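Enquirer: This is the structure, below, for whatever I ask next.
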Amino acid sequence: MARPSFIELPAADIDAAKQFYSNAFGWALTDFGPSYACTMTGDVDVGLQGDMTEAPRAPLPVIAVDDLEAALVAVTAAGGTIVKPTFGFPGGRRFHFTDPNGNELAVLQAD
């Protein structure tokens with residue numbers, strides 16, 4: 001079953017964000033370059049996007065699926081609007097869409 005597996009947060013000051021979440025909740029964050037870090041629990045993880053040209057406007061729920069192409073077809077057929085076409089990153093591929101109410105979400109297929 002497709003389920004939320006990730007929430008990405010904008011983090012203009014990524015160092016402050018990493019320190020805050022580590023201190024407040026004891027989260028261990030893994031760095032993926034200078035502007036991205038995330039928890040790696042395997043449950044619902046949190047990513048911090050410090051590159052503001054790539055950061056979402058608001059928290060971004062990410063839904064994990066087994067077949068990204070099938071999910072793209074299903075989202076489009078259901079009335080979703082693709083706002084960021086499929087792209088790769090360390091660990092998988094994803095695309096972003098908005099639902100009929102304008103909420104932005106992403107769909108991820110892990111490697």
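Ordering of the structure tokens sets the chain letters (A, B, ...); residue numbers start at 1 within each chain; ligands are numbered from 1 in the order shown.
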Quick one: residues within 8 Å of Gln49 of chain A, only C-alpha atoms, excluding same-chain residues fewer than 5 positions away - as a list in words?

Expert: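 Close residues of Gln49 of chain A: Glu8, Leu9, Pro10, Ala11, Ala12, Ile14, Ser35, Tyr36, Ala37, Glu54 and Ala55 of chain A.
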
Enquirer: For the residues in the current selection, export C-alpha atoms as a JSON list (two decimals), in the first residue's frame.

Expert:
```
[["chain", "number", "residue", "atom", "x", "y", "z"],
["A", 8, "GLU", "CA", 10.44, 17.34, 3.58],
["A", 9, "LEU", "CA", 10.78, 20.71, 5.29],
["A", 10, "PRO", "CA", 12.25, 23.93, 3.91],
["A", 11, "ALA", "CA", 15.30, 24.94, 5.96],
["A", 12, "ALA", "CA", 16.87, 28.28, 4.95],
["A", 14, "ILE", "CA", 20.06, 24.07, 7.54],
["A", 35, "SER", "CA", 22.18, 21.64, 1.68],
["A", 36, "TYR", "CA", 20.26, 18.45, 2.53],
["A", 37, "ALA", "CA", 19.98, 16.20, 5.56],
["A", 54, "GLU", "CA", 14.73, 23.34, -4.38],
["A", 55, "ALA", "CA", 12.85, 23.66, -1.09]]
```

Enquirer: Restrict the calculation to only C-alpha atoms, then for each residue of segment 28-95 of chain A with any atom at most 12 Å from an atom of segment 105-111 of chain A give the closest atom pair and their distance in Å to one decimal, rows by chain and rising residue number, as a Markdown table.

Expert:
```
| residue | atom | partner | partner_atom | distance |
| --- | --- | --- | --- | --- |
| A:Gly42 | CA | A:Ala110 | CA | 11.4 |
| A:Pro56 | CA | A:Leu105 | CA | 9.4 |
| A:Arg57 | CA | A:Leu105 | CA | 11.1 |
| A:Ala58 | CA | A:Leu105 | CA | 10.0 |
| A:Pro59 | CA | A:Leu105 | CA | 8.9 |
| A:Leu60 | CA | A:Leu105 | CA | 5.6 |
| A:Pro61 | CA | A:Leu105 | CA | 5.2 |
| A:Val62 | CA | A:Ala106 | CA | 4.6 |
| A:Ile63 | CA | A:Val107 | CA | 4.7 |
| A:Ala64 | CA | A:Leu108 | CA | 4.9 |
| A:Val65 | CA | A:Gln109 | CA | 5.4 |
| A:Asp66 | CA | A:Gln109 | CA | 5.9 |
| A:Asp67 | CA | A:Gln109 | CA | 6.6 |
| A:Leu68 | CA | A:Gln109 | CA | 5.6 |
| A:Glu69 | CA | A:Gln109 | CA | 9.3 |
| A:Ala70 | CA | A:Gln109 | CA | 10.8 |
| A:Ala71 | CA | A:Val107 | CA | 7.5 |
| A:Leu72 | CA | A:Val107 | CA | 8.1 |
| A:Val73 | CA | A:Val107 | CA | 11.7 |
| A:Ala74 | CA | A:Val107 | CA | 11.2 |
| A:Val75 | CA | A:Val107 | CA | 9.4 |
| A:Gly80 | CA | A:Leu105 | CA | 9.9 |
| A:Thr81 | CA | A:Leu105 | CA | 10.4 |
| A:Ile82 | CA | A:Ala106 | CA | 9.5 |
| A:Val83 | CA | A:Leu105 | CA | 9.5 |
| A:Lys84 | CA | A:Ala106 | CA | 8.8 |
| A:Pro85 | CA | A:Ala106 | CA | 10.1 |
| A:Thr86 | CA | A:Val107 | CA | 9.1 |
| A:Phe87 | CA | A:Leu108 | CA | 9.8 |
| A:Gly88 | CA | A:Gln109 | CA | 9.7 |
| A:Phe89 | CA | A:Ala110 | CA | 9.6 |
| A:Pro90 | CA | A:Asp111 | CA | 8.6 |
| A:Gly91 | CA | A:Asp111 | CA | 5.5 |
| A:Gly92 | CA | A:Ala110 | CA | 4.2 |
| A:Arg93 | CA | A:Gln109 | CA | 5.5 |
| A:Arg94 | CA | A:Leu108 | CA | 4.3 |
| A:Phe95 | CA | A:Ala106 | CA | 5.5 |
```

Enquirer: With only C-alpha atoms as the atoms that count, which of A:Ile7, A:Val44, A:Gly50, A:Asp15 lies nearest to Glu104 of chain A?

Expert: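 Answer, going by the shortest atom-to-atom distance: A:Ile7.
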
Enquirer: Take atom CA of Ser5 of chain A and atom CA of Met40 of chain A and report the distance between them in Å, one decimal.

Expert: 10.7 Å

Enquirer: Write out as a list in words the set of residues from segment 12-99 of chain A that DSSP, computed on the backbone, places in helix (DSSP H, G or I).

Expert: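 Selection result, helix (DSSP H, G or I) within segment 12-99 of chain A: Ile14, Asp15, Ala16, Ala17, Lys18, Gln19, Phe20, Tyr21, Ser22, Asn23, Ala24, Phe25, Leu68, Glu69, Ala70, Ala71, Leu72, Val73, Ala74, Val75, Thr76 and Ala77 of chain A.
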
Enquirer: Using backbone DSSP assignments, extract all strand (DSSP E) residues from chain A; output them as a PyMOL selection string.

Expert: chain A and resi 3-10+30-31+36-38+45-49+60-64+81-89+92-98+104-110
